[in-house]
Amino acid sequence: MNRKRFLKTSVLAGIGSQLQLSSELIAFFNSTAIDVENLLGLSQSHLKSESILLEAETYEAFMSMKSAALKAGIDLKIASAYRSFERQKTIWEWKFNQLTETKSPAEAISEIITYSSIPGTSRHHWGTDIDLIDDSVQAPEGDLLLEHHYHGEAAFSNLKTWMDEHSRAFGFELVYTQDENRTGFKYEPWHYSYQPKAKSLLSLQSKHNFRKAWDNLEFEGKSHMTDSFMDAYFKSYGWGINPSLMPS
Ligand SMILES: [Zn+2]
């Protein structure tokens with residue numbers, strides 16, 4: 001049991017035996033408070049469980065969407081959900097070390113952020129974002145998360161058509177759309193986000209304490225990221241998303 005859940009259970013048991021809990025108090029203890037550590041990928045306390053790597057509400061919504069899709073013959077399978085800071089750091093540093101053999105650190109960074117987030121800033125830390133494939137079809141050889149697998153007659157084009165029509169009804173939105181005016185990461189037809197939760201997490205990411213905590217993280221290449229570079233990165237990449245996922 002994680003610390004937050006332990007505290008919640010033990011505090012509730014203690015209070016509940018002595019008095020009738022008000023509905024507000026119950027709601028307070030049941031709210032899954034997500035803080036900076038969760039957003040940075042340093043804590044998993046916001047996830048459904050240790051084996052279900054999705055934020056709790058996102059998981060419920062995903063399961064409803066999965067059963068609806070199954071009726072249409074599409075088996076939504078998560079290729080990637082929550083990713084920890086450590087995992088993102090490993091991916092990042094592997095790319096950074098490869099690229100800096102022939103390029104400057106600045107060039108390497110700008111190339112990596114075509115597709116990969118800077119560690120601590122990934123939406124995959126949030127537990128609300130998922131990369132989807134269709135498990136009802138024969139998977140293509142090699143890398144599955146490629147644009148051409150999701151269009152035309154390709155393996156995952158039925159998934160894409162179904163998601164275009166139905167995902168919104170379950171709260172899921174494509175993040176990195178094909179809109180030519182969008183800045184930031186390239187088009188990702190596989191990456192969806194649970195809007196009711198993710199919207200508020202994005203606004204938490206814009207808060208001062210998030211940025212202060214991010215400044216304390218350590219990974220290769222970070223010393224080349226100035227404050228103004230990070231300001232521009234959050235604006236162009238963090239907010240370069242489907243407008244329906246922007247905090248209102
Ligand atoms: Zn993704």
# chains A, B, ... in the order shown; residues from 1 in each chain; ligands from 1
call {"tool": "residues_near_ligand", "arguments": {"ligand": "ligand 1", "cutoff": "8 Å", "atoms": "only C-alpha atoms and all ligand atoms", "output": "PyMOL selection string"}}
result
chain A and resi 80-81+123-124+129-131+188+190-192
call {"tool": "residues_around", "arguments": {"residues": "Glu220 (chain A)", "least_positions_apart": "2", "cutoff": "12 Å", "atoms": "only C-alpha atoms", "output": "list of chain:residue names"}}
result
A:Gln88, A:Lys89, A:Thr90, A:Ile91, A:Trp92, A:Glu93, A:Trp94, A:Lys95, A:Phe96, A:Asn97, A:Gln98, A:Thr100, A:Pro105, A:Ala108, A:Ile109, A:Ile118, A:Pro119, A:Leu217, A:Glu218, A:Lys222, A:Ser223, A:His224, A:Met225
call {"tool": "select_by_dssp", "arguments": {"residues": "region 54-222 of chain A", "states": "helix (DSSP H, G or I)", "output": "ChimeraX atom specification"}}
result
/A:56-71,85-99,105-112,123-125,147-150,157-170,195-205,208-215,222
call {"tool": "closest_residue", "arguments": {"among": "A:Tyr187, A:Phe210, A:Tyr150, A:Phe156", "to": "Asp75 (chain A)", "atoms": "only C-alpha atoms"}}
result
A:Phe156
call {"tool": "residues_around", "arguments": {"residues": "Ser193 (chain A)", "least_positions_apart": "2", "cutoff": "8 Å", "atoms": "only C-alpha atoms", "output": "list in words"}}
result
Thr128, Asp129, Ile130, Phe172, Glu173, Leu174, Val175, His191, Gln195 and Ala198 of chain A
call {"tool": "residues_around", "arguments": {"residues": "Arg182 (chain A)", "least_positions_apart": "3", "cutoff": "10 Å", "atoms": "only C-alpha atoms", "output": "PDB file with all heavy atoms, in the first residue's frame"}}
result
ATOM      1  N   TYR A 176      -1.231  15.332 -29.887  1.00  0.00           N
ATOM      2  CA  TYR A 176      -0.364  15.935 -30.911  1.00  0.00           C
ATOM      3  C   TYR A 176      -1.002  15.719 -32.282  1.00  0.00           C
ATOM      4  O   TYR A 176      -0.704  14.761 -32.980  1.00  0.00           O
ATOM      5  CB  TYR A 176       1.048  15.339 -30.810  1.00  0.00           C
ATOM      6  CG  TYR A 176       1.602  15.453 -29.403  1.00  0.00           C
ATOM      7  CD1 TYR A 176       1.835  14.332 -28.610  1.00  0.00           C
ATOM      8  CD2 TYR A 176       1.839  16.713 -28.841  1.00  0.00           C
ATOM      9  CE1 TYR A 176       2.311  14.450 -27.307  1.00  0.00           C
ATOM     10  CE2 TYR A 176       2.308  16.843 -27.539  1.00  0.00           C
ATOM     11  CZ  TYR A 176       2.547  15.699 -26.776  1.00  0.00           C
ATOM     12  OH  TYR A 176       2.999  15.830 -25.493  1.00  0.00           O
ATOM     13  N   THR A 177      -1.918  16.629 -32.593  1.00  0.00           N
ATOM     14  CA  THR A 177      -2.753  16.502 -33.789  1.00  0.00           C
ATOM     15  C   THR A 177      -1.988  16.859 -35.071  1.00  0.00           C
ATOM     16  O   THR A 177      -0.858  17.340 -35.021  1.00  0.00           O
ATOM     17  CB  THR A 177      -3.956  17.455 -33.682  1.00  0.00           C
ATOM     18  OG1 THR A 177      -3.430  18.790 -33.580  1.00  0.00           O
ATOM     19  CG2 THR A 177      -4.803  17.155 -32.468  1.00  0.00           C
ATOM     20  N   GLN A 178      -2.699  16.663 -36.191  1.00  0.00           N
ATOM     21  CA  GLN A 178      -2.100  16.919 -37.497  1.00  0.00           C
ATOM     22  C   GLN A 178      -2.200  18.393 -37.908  1.00  0.00           C
ATOM     23  O   GLN A 178      -1.761  18.744 -38.996  1.00  0.00           O
ATOM     24  CB  GLN A 178      -2.826  16.041 -38.526  1.00  0.00           C
ATOM     25  CG  GLN A 178      -1.906  15.383 -39.512  1.00  0.00           C
ATOM     26  CD  GLN A 178      -2.580  14.273 -40.298  1.00  0.00           C
ATOM     27  OE1 GLN A 178      -3.759  13.986 -40.121  1.00  0.00           O
ATOM     28  NE2 GLN A 178      -1.840  13.637 -41.169  1.00  0.00           N
ATOM     29  N   ASP A 179      -2.778  19.219 -37.071  1.00  0.00           N
ATOM     30  CA  ASP A 179      -2.957  20.647 -37.349  1.00  0.00           C
ATOM     31  C   ASP A 179      -1.619  21.322 -37.701  1.00  0.00           C
ATOM     32  O   ASP A 179      -0.689  21.318 -36.898  1.00  0.00           O
ATOM     33  CB  ASP A 179      -3.565  21.295 -36.079  1.00  0.00           C
ATOM     34  CG  ASP A 179      -3.787  22.786 -36.235  1.00  0.00           C
ATOM     35  OD1 ASP A 179      -3.433  23.342 -37.301  1.00  0.00           O
ATOM     36  OD2 ASP A 179      -4.314  23.394 -35.280  1.00  0.00           O
ATOM     37  N   PHE A 185       5.817  19.016 -30.536  1.00  0.00           N
ATOM     38  CA  PHE A 185       6.099  17.663 -31.004  1.00  0.00           C
ATOM     39  C   PHE A 185       5.363  17.349 -32.307  1.00  0.00           C
ATOM     40  O   PHE A 185       4.296  17.889 -32.579  1.00  0.00           O
ATOM     41  CB  PHE A 185       5.697  16.631 -29.942  1.00  0.00           C
ATOM     42  CG  PHE A 185       6.446  16.801 -28.645  1.00  0.00           C
ATOM     43  CD1 PHE A 185       5.817  17.319 -27.522  1.00  0.00           C
ATOM     44  CD2 PHE A 185       7.789  16.466 -28.568  1.00  0.00           C
ATOM     45  CE1 PHE A 185       6.511  17.495 -26.339  1.00  0.00           C
ATOM     46  CE2 PHE A 185       8.494  16.641 -27.382  1.00  0.00           C
ATOM     47  CZ  PHE A 185       7.861  17.157 -26.270  1.00  0.00           C
ATOM     48  N   LYS A 186       5.955  16.421 -33.060  1.00  0.00           N
ATOM     49  CA  LYS A 186       5.351  16.010 -34.326  1.00  0.00           C
ATOM     50  C   LYS A 186       4.014  15.294 -34.089  1.00  0.00           C
ATOM     51  O   LYS A 186       3.711  14.859 -32.981  1.00  0.00           O
ATOM     52  CB  LYS A 186       6.322  15.077 -35.051  1.00  0.00           C
ATOM     53  CG  LYS A 186       7.528  15.817 -35.596  1.00  0.00           C
ATOM     54  CD  LYS A 186       7.892  15.319 -36.977  1.00  0.00           C
ATOM     55  CE  LYS A 186       8.808  16.303 -37.665  1.00  0.00           C
ATOM     56  NZ  LYS A 186       9.914  15.648 -38.357  1.00  0.00           N
ATOM     57  N   TYR A 187       3.268  15.152 -35.161  1.00  0.00           N
ATOM     58  CA  TYR A 187       1.982  14.442 -35.155  1.00  0.00           C
ATOM     59  C   TYR A 187       2.149  13.024 -34.593  1.00  0.00           C
ATOM     60  O   TYR A 187       3.022  12.280 -35.023  1.00  0.00           O
ATOM     61  CB  TYR A 187       1.472  14.395 -36.593  1.00  0.00           C
ATOM     62  CG  TYR A 187       0.242  13.543 -36.833  1.00  0.00           C
ATOM     63  CD1 TYR A 187      -0.892  13.680 -36.034  1.00  0.00           C
ATOM     64  CD2 TYR A 187       0.218  12.614 -37.881  1.00  0.00           C
ATOM     65  CE1 TYR A 187      -2.018  12.904 -36.272  1.00  0.00           C
ATOM     66  CE2 TYR A 187      -0.908  11.842 -38.128  1.00  0.00           C
ATOM     67  CZ  TYR A 187      -2.019  11.982 -37.314  1.00  0.00           C
ATOM     68  OH  TYR A 187      -3.128  11.222 -37.550  1.00  0.00           O
ATOM     69  N   SER A 236       6.069  26.289 -26.421  1.00  0.00           N
ATOM     70  CA  SER A 236       5.940  25.706 -27.744  1.00  0.00           C
ATOM     71  C   SER A 236       5.567  24.215 -27.691  1.00  0.00           C
ATOM     72  O   SER A 236       4.723  23.749 -28.459  1.00  0.00           O
ATOM     73  CB  SER A 236       7.270  25.908 -28.473  1.00  0.00           C
ATOM     74  OG  SER A 236       7.234  25.255 -29.707  1.00  0.00           O
ATOM     75  N   TYR A 237       6.183  23.456 -26.783  1.00  0.00           N
ATOM     76  CA  TYR A 237       5.975  22.017 -26.714  1.00  0.00           C
ATOM     77  C   TYR A 237       4.880  21.627 -25.707  1.00  0.00           C
ATOM     78  O   TYR A 237       3.998  20.837 -26.022  1.00  0.00           O
ATOM     79  CB  TYR A 237       7.296  21.307 -26.379  1.00  0.00           C
ATOM     80  CG  TYR A 237       8.269  21.340 -27.542  1.00  0.00           C
ATOM     81  CD1 TYR A 237       8.991  22.498 -27.837  1.00  0.00           C
ATOM     82  CD2 TYR A 237       8.434  20.228 -28.349  1.00  0.00           C
ATOM     83  CE1 TYR A 237       9.872  22.543 -28.913  1.00  0.00           C
ATOM     84  CE2 TYR A 237       9.311  20.256 -29.433  1.00  0.00           C
ATOM     85  CZ  TYR A 237      10.027  21.419 -29.707  1.00  0.00           C
ATOM     86  OH  TYR A 237      10.885  21.454 -30.771  1.00  0.00           O
ATOM     87  N   TRP A 239       2.490  23.467 -24.523  1.00  0.00           N
ATOM     88  CA  TRP A 239       1.186  24.001 -24.929  1.00  0.00           C
ATOM     89  C   TRP A 239       0.911  23.783 -26.413  1.00  0.00           C
ATOM     90  O   TRP A 239      -0.133  24.222 -26.914  1.00  0.00           O
ATOM     91  CB  TRP A 239       1.099  25.498 -24.615  1.00  0.00           C
ATOM     92  CG  TRP A 239       1.262  25.843 -23.173  1.00  0.00           C
ATOM     93  CD1 TRP A 239       1.259  24.966 -22.123  1.00  0.00           C
ATOM     94  CD2 TRP A 239       1.479  27.146 -22.607  1.00  0.00           C
ATOM     95  NE1 TRP A 239       1.466  25.635 -20.939  1.00  0.00           N
ATOM     96  CE2 TRP A 239       1.601  26.978 -21.213  1.00  0.00           C
ATOM     97  CE3 TRP A 239       1.578  28.421 -23.150  1.00  0.00           C
ATOM     98  CZ2 TRP A 239       1.817  28.049 -20.352  1.00  0.00           C
ATOM     99  CZ3 TRP A 239       1.797  29.502 -22.293  1.00  0.00           C
ATOM    100  CH2 TRP A 239       1.905  29.307 -20.904  1.00  0.00           C
ATOM    101  N   GLY A 240       1.840  23.164 -27.117  1.00  0.00           N
ATOM    102  CA  GLY A 240       1.628  22.902 -28.542  1.00  0.00           C
ATOM    103  C   GLY A 240       0.786  21.648 -28.732  1.00  0.00           C
ATOM    104  O   GLY A 240       1.230  20.651 -29.297  1.00  0.00           O
ATOM    105  N   ILE A 241      -0.445  21.719 -28.229  1.00  0.00           N
ATOM    106  CA  ILE A 241      -1.305  20.521 -28.186  1.00  0.00           C
ATOM    107  C   ILE A 241      -2.695  20.854 -28.722  1.00  0.00           C
ATOM    108  O   ILE A 241      -3.002  22.017 -29.003  1.00  0.00           O
ATOM    109  CB  ILE A 241      -1.437  19.993 -26.728  1.00  0.00           C
ATOM    110  CG1 ILE A 241      -1.954  21.118 -25.805  1.00  0.00           C
ATOM    111  CG2 ILE A 241      -0.108  19.459 -26.226  1.00  0.00           C
ATOM    112  CD1 ILE A 241      -2.288  20.660 -24.404  1.00  0.00           C
ATOM    113  N   ASN A 242      -3.509  19.816 -28.834  1.00  0.00           N
ATOM    114  CA  ASN A 242      -4.920  19.975 -29.171  1.00  0.00           C
ATOM    115  C   ASN A 242      -5.545  21.026 -28.224  1.00  0.00           C
ATOM    116  O   ASN A 242      -5.465  20.878 -27.003  1.00  0.00           O
ATOM    117  CB  ASN A 242      -5.556  18.591 -28.948  1.00  0.00           C
ATOM    118  CG  ASN A 242      -7.009  18.531 -29.292  1.00  0.00           C
ATOM    119  OD1 ASN A 242      -7.687  19.558 -29.368  1.00  0.00           O
ATOM    120  ND2 ASN A 242      -7.508  17.331 -29.482  1.00  0.00           N
ATOM    121  N   PRO A 243      -6.142  22.101 -28.758  1.00  0.00           N
ATOM    122  CA  PRO A 243      -6.683  23.171 -27.886  1.00  0.00           C
ATOM    123  C   PRO A 243      -7.701  22.673 -26.855  1.00  0.00           C
ATOM    124  O   PRO A 243      -7.841  23.279 -25.790  1.00  0.00           O
ATOM    125  CB  PRO A 243      -7.363  24.116 -28.878  1.00  0.00           C
ATOM    126  CG  PRO A 243      -6.814  23.793 -30.214  1.00  0.00           C
ATOM    127  CD  PRO A 243      -6.347  22.373 -30.184  1.00  0.00           C
TER     128      PRO A 243
END
call {"tool": "closest_residue", "arguments": {"among": "A:Ser117, A:His166, A:Lys71, A:Leu144", "to": "Gly238 (chain A)", "atoms": "only C-alpha atoms"}}
result
A:Ser117
call {"tool": "closest_residue", "arguments": {"among": "A:Pro247, A:Pro189, A:Pro196, A:Gly184", "to": "Ala232 (chain A)", "atoms": "only C-alpha atoms"}}
result
A:Gly184
call {"tool": "residues_around", "arguments": {"residues": "region 41-49 of chain A", "least_positions_apart": "6", "cutoff": "10 Å", "atoms": "only C-alpha atoms", "output": "CSV table (one decimal) with N, CA and C atoms, in the first residue's frame"}}
result
chain,number,residue,atom,x,y,z
A,1,MET,N,0.9,-1.2,0.0
A,1,MET,CA,0.0,0.0,0.0
A,1,MET,C,0.9,1.2,0.0
A,2,ASN,N,0.5,2.2,-0.9
A,2,ASN,CA,1.4,3.4,-0.9
A,2,ASN,C,1.1,4.3,0.3
A,3,ARG,N,1.9,5.3,0.6
A,3,ARG,CA,1.9,6.1,1.8
A,3,ARG,C,0.5,6.8,1.9
A,4,LYS,N,0.2,7.5,0.7
A,4,LYS,CA,-1.1,8.3,0.7
A,4,LYS,C,-2.3,7.4,1.0
A,5,ARG,N,-2.3,6.2,0.4
A,5,ARG,CA,-3.5,5.4,0.6
A,5,ARG,C,-3.5,4.9,2.0
A,32,THR,N,-7.9,12.3,-5.1
A,32,THR,CA,-6.5,11.9,-5.3
A,32,THR,C,-5.7,13.2,-5.6
A,33,ALA,N,-5.2,13.7,-4.6
A,33,ALA,CA,-4.4,15.0,-4.7
A,33,ALA,C,-3.1,14.6,-5.5
A,34,ILE,N,-2.9,15.4,-6.6
A,34,ILE,CA,-1.7,15.1,-7.4
A,34,ILE,C,-0.8,16.3,-7.2
A,35,ASP,N,0.4,16.0,-6.8
A,35,ASP,CA,1.3,17.1,-6.5
A,35,ASP,C,2.5,17.1,-7.5
A,55,GLU,N,-3.7,6.8,-14.0
A,55,GLU,CA,-4.4,7.6,-12.9
A,55,GLU,C,-5.8,6.9,-12.8
A,56,ALA,N,-6.3,6.9,-11.5
A,56,ALA,CA,-7.5,6.1,-11.3
A,56,ALA,C,-8.7,6.4,-12.2
A,57,GLU,N,-9.1,7.7,-12.3
A,57,GLU,CA,-10.2,8.1,-13.2
A,57,GLU,C,-10.0,7.8,-14.6
A,58,THR,N,-8.7,8.0,-15.0
A,58,THR,CA,-8.3,7.6,-16.4
A,58,THR,C,-8.5,6.1,-16.7
A,59,TYR,N,-8.2,5.3,-15.7
A,59,TYR,CA,-8.3,3.9,-15.8
A,59,TYR,C,-9.8,3.5,-16.0
A,60,GLU,N,-10.7,4.1,-15.2
A,60,GLU,CA,-12.1,3.7,-15.4
A,60,GLU,C,-12.6,4.1,-16.7
A,82,TYR,N,1.8,5.3,-18.0
A,82,TYR,CA,2.7,6.0,-17.1
A,82,TYR,C,4.2,5.7,-17.4
A,83,ARG,N,5.0,6.7,-17.4
A,83,ARG,CA,6.4,6.5,-17.5
A,83,ARG,C,7.1,7.3,-16.4
A,84,SER,N,8.0,6.7,-15.7
A,84,SER,CA,8.7,7.4,-14.6
A,84,SER,C,9.7,8.4,-15.1
A,85,PHE,N,10.1,9.3,-14.2
A,85,PHE,CA,11.3,10.2,-14.5
A,85,PHE,C,12.5,9.3,-14.9
A,86,GLU,N,12.8,8.3,-14.1
A,86,GLU,CA,14.0,7.5,-14.4
A,86,GLU,C,13.9,6.9,-15.8
A,87,ARG,N,12.8,6.4,-16.2
A,87,ARG,CA,12.6,5.8,-17.5
A,87,ARG,C,12.9,6.8,-18.6
A,88,GLN,N,12.2,8.0,-18.4
A,88,GLN,CA,12.4,9.1,-19.4
A,88,GLN,C,13.8,9.6,-19.5
A,119,PRO,N,13.1,15.0,-19.7
A,119,PRO,CA,12.7,14.3,-18.5
A,119,PRO,C,12.1,15.3,-17.4
A,120,GLY,N,11.0,14.8,-16.8
A,120,GLY,CA,10.3,15.6,-15.8
A,120,GLY,C,9.2,16.4,-16.4
A,121,THR,N,9.1,16.5,-17.8
A,121,THR,CA,8.1,17.3,-18.4
A,121,THR,C,7.1,16.4,-19.2
A,122,SER,N,7.3,15.1,-19.3
A,122,SER,CA,6.5,14.3,-20.1
A,122,SER,C,5.1,14.2,-19.6
A,123,ARG,N,4.1,14.2,-20.5
A,123,ARG,CA,2.7,14.0,-20.2
A,123,ARG,C,2.6,12.5,-19.7
A,124,HIS,N,3.5,11.6,-20.1
A,124,HIS,CA,3.4,10.2,-19.7
A,124,HIS,C,3.7,10.1,-18.2
A,125,HIS,N,4.2,11.1,-17.5
A,125,HIS,CA,4.4,11.1,-16.1
A,125,HIS,C,3.0,11.1,-15.4
A,126,TRP,N,2.1,11.7,-16.1
A,126,TRP,CA,0.8,12.1,-15.4
A,126,TRP,C,-0.1,10.9,-15.2
A,127,GLY,N,0.0,9.8,-15.9
A,127,GLY,CA,-0.9,8.7,-15.8
A,127,GLY,C,-2.2,8.9,-16.5
A,128,THR,N,-2.3,10.0,-17.2
A,128,THR,CA,-3.5,10.3,-18.0
A,128,THR,C,-3.3,10.1,-19.5
call {"tool": "closest_residue", "arguments": {"among": "A:Glu107, A:Ala79, A:His149, A:Trp162", "to": "Leu132 (chain A)", "atoms": "only C-alpha atoms"}}
result
A:Ala79
call {"tool": "atom_distance", "arguments": {"atom1": "CA of Leu76 (chain A)", "atom2": "CA of Leu201 (chain A)"}}
result
24.4 Å
call {"tool": "residues_around", "arguments": {"residues": "Ile74 (chain A)", "least_positions_apart": "6", "cutoff": "7 Å", "atoms": "only C-alpha atoms", "output": "short mmCIF file (atom, residue, chain, number, x, y, z; two decimals) with N, CA, C and O atoms, in the first residue's frame"}}
result
data_model
loop_
_atom_site.label_atom_id
_atom_site.label_comp_id
_atom_site.auth_asym_id
_atom_site.auth_seq_id
_atom_site.Cartn_x
_atom_site.Cartn_y
_atom_site.Cartn_z
N ASP A 134 -3.82 -1.50 -31.82
CA ASP A 134 -4.98 -2.40 -31.92
C ASP A 134 -4.47 -3.84 -31.83
O ASP A 134 -3.73 -4.30 -32.70
N SER A 136 -6.22 -6.49 -32.04
CA SER A 136 -7.05 -7.46 -32.78
C SER A 136 -6.46 -7.75 -34.16
O SER A 136 -6.94 -8.61 -34.88
N LEU A 159 -8.51 1.42 -35.86
CA LEU A 159 -8.44 2.02 -34.51
C LEU A 159 -8.55 3.54 -34.62
O LEU A 159 -9.36 4.16 -33.92
#
call {"tool": "select_by_dssp", "arguments": {"residues": "region 29-88 of chain A", "states": "strand (DSSP E)", "output": "list in words"}}
result
Leu76, Lys77, Ile78, Ala79 and Ser80 of chain A
call {"tool": "write_last_selection", "arguments": {"atoms": "all heavy atoms", "output": "PDB file, in the first residue's frame"}}
result
ATOM      1  N   LEU A  76      -8.366  -2.206 -28.082  1.00  0.00           N
ATOM      2  CA  LEU A  76      -7.456  -1.119 -27.686  1.00  0.00           C
ATOM      3  C   LEU A  76      -6.426  -1.651 -26.697  1.00  0.00           C
ATOM      4  O   LEU A  76      -6.779  -2.146 -25.621  1.00  0.00           O
ATOM      5  CB  LEU A  76      -8.238   0.024 -27.024  1.00  0.00           C
ATOM      6  CG  LEU A  76      -9.265   0.748 -27.895  1.00  0.00           C
ATOM      7  CD1 LEU A  76      -9.969   1.840 -27.074  1.00  0.00           C
ATOM      8  CD2 LEU A  76      -8.618   1.358 -29.141  1.00  0.00           C
ATOM      9  N   LYS A  77      -5.185  -1.551 -27.087  1.00  0.00           N
ATOM     10  CA  LYS A  77      -4.109  -2.009 -26.199  1.00  0.00           C
ATOM     11  C   LYS A  77      -3.151  -0.854 -25.940  1.00  0.00           C
ATOM     12  O   LYS A  77      -2.761  -0.144 -26.873  1.00  0.00           O
ATOM     13  CB  LYS A  77      -3.365  -3.174 -26.846  1.00  0.00           C
ATOM     14  CG  LYS A  77      -2.330  -3.779 -25.925  1.00  0.00           C
ATOM     15  CD  LYS A  77      -1.567  -4.905 -26.588  1.00  0.00           C
ATOM     16  CE  LYS A  77      -0.466  -5.403 -25.669  1.00  0.00           C
ATOM     17  NZ  LYS A  77       0.424  -6.341 -26.349  1.00  0.00           N
ATOM     18  N   ILE A  78      -2.798  -0.686 -24.670  1.00  0.00           N
ATOM     19  CA  ILE A  78      -1.896   0.402 -24.303  1.00  0.00           C
ATOM     20  C   ILE A  78      -0.450  -0.032 -24.525  1.00  0.00           C
ATOM     21  O   ILE A  78       0.016  -0.987 -23.909  1.00  0.00           O
ATOM     22  CB  ILE A  78      -2.126   0.809 -22.834  1.00  0.00           C
ATOM     23  CG1 ILE A  78      -3.555   1.366 -22.666  1.00  0.00           C
ATOM     24  CG2 ILE A  78      -1.082   1.830 -22.384  1.00  0.00           C
ATOM     25  CD1 ILE A  78      -3.918   1.742 -21.249  1.00  0.00           C
ATOM     26  N   ALA A  79       0.222   0.675 -25.414  1.00  0.00           N
ATOM     27  CA  ALA A  79       1.642   0.374 -25.658  1.00  0.00           C
ATOM     28  C   ALA A  79       2.503   1.081 -24.610  1.00  0.00           C
ATOM     29  O   ALA A  79       3.568   0.605 -24.237  1.00  0.00           O
ATOM     30  CB  ALA A  79       2.047   0.821 -27.050  1.00  0.00           C
ATOM     31  N   SER A  80       2.009   2.207 -24.123  1.00  0.00           N
ATOM     32  CA  SER A  80       2.747   2.959 -23.111  1.00  0.00           C
ATOM     33  C   SER A  80       1.777   3.843 -22.336  1.00  0.00           C
ATOM     34  O   SER A  80       0.990   4.570 -22.932  1.00  0.00           O
ATOM     35  CB  SER A  80       3.813   3.807 -23.811  1.00  0.00           C
ATOM     36  OG  SER A  80       4.627   4.450 -22.877  1.00  0.00           O
TER      37      SER A  80
END
call {"tool": "atom_distance", "arguments": {"atom1": "CA of Ile133 (chain A)", "atom2": "CA of Ile112 (chain A)"}}
result
23.2 Å
call {"tool": "decode", "arguments": {"residues": "region 68-79 of chain A", "atoms": "N, CA and C atoms", "output": "tab-separated table (two decimals), in the first residue's frame"}}
result
chain	number	residue	atom	x	y	z
A	68	ALA	N	-16.36	-0.64	-25.29
A	68	ALA	CA	-17.14	-0.15	-26.43
A	68	ALA	C	-16.41	-0.46	-27.74
A	69	ALA	N	-15.11	-0.26	-27.76
A	69	ALA	CA	-14.33	-0.52	-28.98
A	69	ALA	C	-14.34	-2.01	-29.34
A	70	LEU	N	-14.31	-2.86	-28.31
A	70	LEU	CA	-14.32	-4.32	-28.55
A	70	LEU	C	-15.56	-4.74	-29.32
A	71	LYS	N	-16.70	-4.07	-29.02
A	71	LYS	CA	-17.96	-4.38	-29.73
A	71	LYS	C	-17.83	-4.05	-31.22
A	72	ALA	N	-16.93	-3.11	-31.54
A	72	ALA	CA	-16.70	-2.75	-32.95
A	72	ALA	C	-15.52	-3.54	-33.53
A	73	GLY	N	-15.04	-4.52	-32.77
A	73	GLY	CA	-13.96	-5.38	-33.27
A	73	GLY	C	-12.56	-4.81	-33.11
A	74	ILE	N	-12.44	-3.76	-32.30
A	74	ILE	CA	-11.11	-3.16	-32.09
A	74	ILE	C	-10.66	-3.41	-30.65
A	75	ASP	N	-9.47	-3.96	-30.51
A	75	ASP	CA	-8.97	-4.29	-29.18
A	75	ASP	C	-7.91	-3.26	-28.77
A	76	LEU	N	-8.37	-2.21	-28.08
A	76	LEU	CA	-7.46	-1.12	-27.69
A	76	LEU	C	-6.43	-1.65	-26.70
A	77	LYS	N	-5.18	-1.55	-27.09
A	77	LYS	CA	-4.11	-2.01	-26.20
A	77	LYS	C	-3.15	-0.85	-25.94
A	78	ILE	N	-2.80	-0.69	-24.67
A	78	ILE	CA	-1.90	0.40	-24.30
A	78	ILE	C	-0.45	-0.03	-24.52
A	79	ALA	N	0.22	0.68	-25.41
A	79	ALA	CA	1.64	0.37	-25.66
A	79	ALA	C	2.50	1.08	-24.61
